[in-house]
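**Student:** Just passing along the structure, written as structure tokens.
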Amino acid sequence: MAIKQRTLAAPISFEGKGLHTGLQVNMRVCPAEDNTGIVFRRVDLEGCPEVPALCEFVTDTSRGTTIERGAAKVSTIEHIMSALWTLDVDNAIVEINAPETPIMDGSAREYAARITEVGTIEQSAERKYYEVTEKQVYTLPEKGVAIVLYPDDEFSVSVHVDYNSKVVGNQYSVYNPSDNYAEKIAVCRTFVFLHELEPLMKMNLIKGGDLDNAIVVVENPVSDEQLDHLKKIFGKEDIRITGGYLNNQQLRANNELARHKLLDLLGDFALLGMRIKGRVWATRPGHFANTEFMKDLSRTIRRSGEKPSFKYSSKEQPLLDINQIRSRLPHRPPFLLVDRVFHIEENAIGGIKQVSMNEPFFVGHFPEEPVMPGVLIIEALAQCCGILVLSKVDDPEHYSTYFLKADGVKWKRKVVPGDTLQLECHIADFRRGICTAECKAFVGGQLACEAVLTAQIVKNR
């Protein structure tokens with residue numbers, strides 16, 4: 001059974017200060033339609049501009065993950081993204097009135113608690129997955145960073161951190177699908193080393209930072225004079241250092257720092273925009289490495305998407321020949337543009353159009369250099385998709401499909417006499433008689449045309 005997308009069962013709201021800006025932030029996470037993804041909406045700006053939570057919109061990773069499109073810019077999104085994505089939310093609109101999410105207690109604990117409290121609901125569209133088929137590696141050798149992605153049937157992550165710190169030591173953390181994310185990962189807080197803290201504060205880069213929303217690691221001895229200085233910085237008189245941590249922080253796990261790095265990685269990996277079926281091994285991961293790896297992966301997916309999903313062989317018997325196609329479609333020559341169907345599954349179909357010099361459109365398009373019109377390639381894709389859609393009704397001969405719109409149409413190469421046009425359609429959404437499908441046409445394994453087509457099934461009079 002295909003796994004369906006999910007969204008929140010009800011809106012949830014949060015308020016708090018931004019870690020870097022110090023601004024008071026109100027954030028509301030709302031349910032969204034199928035295939036929306038996670039989208040941030042700046043309700044404090046004119047026109048409420050939006051930016052999708054996708055790696056292609058990442059513009060800064062220096063102190064958190066920032067996404068930006070046009071006027072819409074939102075920083076430190078990794079914690080809410082980690083909670084939404086890992087707790088099964090595929091689609092949501094995040095309404096926010098500031099350029100940064102609230103830091104809360106430095107973890108995703110409250111986010112996870114509210115998501116769990118309201119729950120999620122199943123939607124109509126199928127969840128999208130990237131299935132890892134070969135080992136993929138991203139490294140930054142000068143920083144000791146390595147992220148390796150292996151093929152697997154499900155998503156899991158192992159994280160190792162080592163900062164050459166006698167306080168932190170070597171820490172490991174693991175996430176498996178059966179783990180309780182809210183209890184094991186979401187509760188783990190962000191951290192900073194004391195020697196990094198003061199420069200950030202002097203530059204006003206952590207205006208909202210305090211001892212309640214971050215673990216401060218103290219690597220070296222601190223003099224009484226330095227301690228007095230820290231009391232002035234934080235406005236607290238009871239500051240002390242115990243066990244290598246400022247203000248005697250009670251760790252929520254002995255490997256809390258590694259678990260927080262895992263929390264961040266889960267949020268950054270969500271920016272791929274689809275679930276991953278693969279096993280991750282990460283050493284010293286960070287926002288830059290995480291998001292750059294997702295950008296590399298996104299490019300790999302786009303390239304793989306330009307290859308046929310189904311293998312066609314002219315030697316094999318078609319699932320539907322031309323006579324069977326005629327019984328399912330109302331179209332007739334010279335406007336019947338599917339010759340055979342060689343692949344059918346629940347929400348996908350593969351068909352063939354043999355393009356010969358005898359096609360009537362070559363008489364005028366063009367006499368000296370015959371080229372199949374791009375609109376007829378789209379029509380062929382629509383007819384192929386129509387065969388699949390009409391198979392879902394009891395009496396298909398009494399129905400027709402009519403175009404509503406075509407989005408993202410691109411033609412990549414000419415289709416000429418002698419070409420075998422391989423047609424592929426994948427249904428993305430189908431409800432209330434309206435179908436949206438991702439369609440592609442190939443010649444010789446090369447992408448010739450792609451489009452997202454929407455049509456309506458209408459009963460004939």
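Letters A, B, ... mark the chains of the structure tokens in the order given; residue numbers begin at 1 per chain; ligand numbers begin at 1, in order shown.
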Which of region 196-300 of chain A counts as strand (DSSP E or B) under DSSP, as a ChimeraX atom specification please?
**Tutor:** /A:215-217,241-242,245-246,275-283
**Student:** Would you list the contacts of Leu246 (chain A) as a VMD selection string, taking every protein, DNA or RNA residue within 12 Å and counting only C-alpha atoms, but skipping same-chain residues closer than 2 positions in sequence?
**Tutor:** chain A and resid 167 191 to 195 197 210 to 212 214 to 222 227 230 to 231 234 236 238 to 244 248 to 251
**Student:** Mind the document's chain letters and residue numbers, and return as a PyMOL selection string the residues of region 230-334 of chain A that DSSP labels alpha helix (DSSP H).
**Tutor:** chain A and resi 230-234+256-269+287-304+322-328
**Student:** So, counting only C-alpha atoms, which residue among A:Pro151, A:Gly433, A:Gly386, A:Gly144 is closest to Arg284 (chain A)?
**Tutor:**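 Checking each of A:Pro151, A:Gly433, A:Gly386, A:Gly144 against Arg284 (chain A), counting only C-alpha atoms, the winner is A:Gly144.
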**Student:** Mind dumping a table of every region 143-180 of chain A residue within 12 Å of region 69-92 of chain A, with the nearest atom pair and its distance in Å to one decimal, using only C-alpha atoms, sorted by chain and rising number, as a tab-separated table?
**Tutor:**
residue	atom	partner	partner_atom	distance
A:Phe155	CA	A:Thr86	CA	10.4
A:Ser156	CA	A:Thr86	CA	11.1
A:Val157	CA	A:Thr86	CA	11.9
A:Tyr175	CA	A:Thr86	CA	10.3
A:Asn176	CA	A:Thr86	CA	10.7
A:Pro177	CA	A:Thr86	CA	9.0
A:Ser178	CA	A:Thr86	CA	11.4
A:Asp179	CA	A:Thr86	CA	10.5
A:Asn180	CA	A:Leu87	CA	9.5
**Student:** Store the residues of this selection in a file with N, CA and C atoms, as a PDB file, in the first residue's frame.
**Tutor:**
ATOM      1  N   PHE A 155      14.543   5.071   6.457  1.00  0.00           N
ATOM      2  CA  PHE A 155      15.440   6.169   6.798  1.00  0.00           C
ATOM      3  C   PHE A 155      15.953   6.013   8.221  1.00  0.00           C
ATOM      4  N   SER A 156      17.264   6.104   8.383  1.00  0.00           N
ATOM      5  CA  SER A 156      17.878   6.082   9.708  1.00  0.00           C
ATOM      6  C   SER A 156      19.130   6.953   9.669  1.00  0.00           C
ATOM      7  N   VAL A 157      19.560   7.412  10.840  1.00  0.00           N
ATOM      8  CA  VAL A 157      20.711   8.321  10.916  1.00  0.00           C
ATOM      9  C   VAL A 157      21.599   7.941  12.092  1.00  0.00           C
ATOM     10  N   TYR A 175      19.240   7.634  15.210  1.00  0.00           N
ATOM     11  CA  TYR A 175      17.789   7.721  15.066  1.00  0.00           C
ATOM     12  C   TYR A 175      17.322   6.625  14.117  1.00  0.00           C
ATOM     13  N   ASN A 176      16.352   5.837  14.581  1.00  0.00           N
ATOM     14  CA  ASN A 176      15.697   4.818  13.771  1.00  0.00           C
ATOM     15  C   ASN A 176      14.200   5.109  13.718  1.00  0.00           C
ATOM     16  N   PRO A 177      13.509   4.634  12.688  1.00  0.00           N
ATOM     17  CA  PRO A 177      12.071   4.930  12.558  1.00  0.00           C
ATOM     18  C   PRO A 177      11.239   4.528  13.763  1.00  0.00           C
ATOM     19  N   SER A 178      11.690   3.514  14.506  1.00  0.00           N
ATOM     20  CA  SER A 178      10.926   3.052  15.671  1.00  0.00           C
ATOM     21  C   SER A 178      11.171   3.893  16.916  1.00  0.00           C
ATOM     22  N   ASP A 179      12.135   4.821  16.862  1.00  0.00           N
ATOM     23  CA  ASP A 179      12.470   5.635  18.030  1.00  0.00           C
ATOM     24  C   ASP A 179      11.384   6.666  18.316  1.00  0.00           C
ATOM     25  N   ASN A 180      11.256   7.034  19.579  1.00  0.00           N
ATOM     26  CA  ASN A 180      10.336   8.092  19.993  1.00  0.00           C
ATOM     27  C   ASN A 180      11.067   9.421  19.847  1.00  0.00           C
TER      28      ASN A 180
END
**Student:** I'd like to know which of A:Phe293, A:Phe310, A:Trp281, A:Phe361 is closest to Leu262 (chain A), using only C-alpha atoms.
**Tutor:**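 Going through A:Phe293, A:Phe310, A:Trp281, A:Phe361 one by one, the smallest distance to Leu262 (chain A) is for A:Trp281.
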**Student:** Name the closest residue to Leu447 (chain A) among the candidates A:Lys353, A:Cys384, A:Lys307, A:Gln317; distances are taken between atoms, counting only C-alpha atoms.
**Tutor:**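 Of the candidates, the smallest distance to Leu447 (chain A) is held by A:Lys307.
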**Student:** Which of these residues is nearest to Ala437 (chain A), using only C-alpha atoms: A:Ile349, A:Met372, A:Ala146, A:Val43?
**Tutor:**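 When distances to Ala437 (chain A) are compared using only C-alpha atoms, the smallest one comes from A:Ile349.
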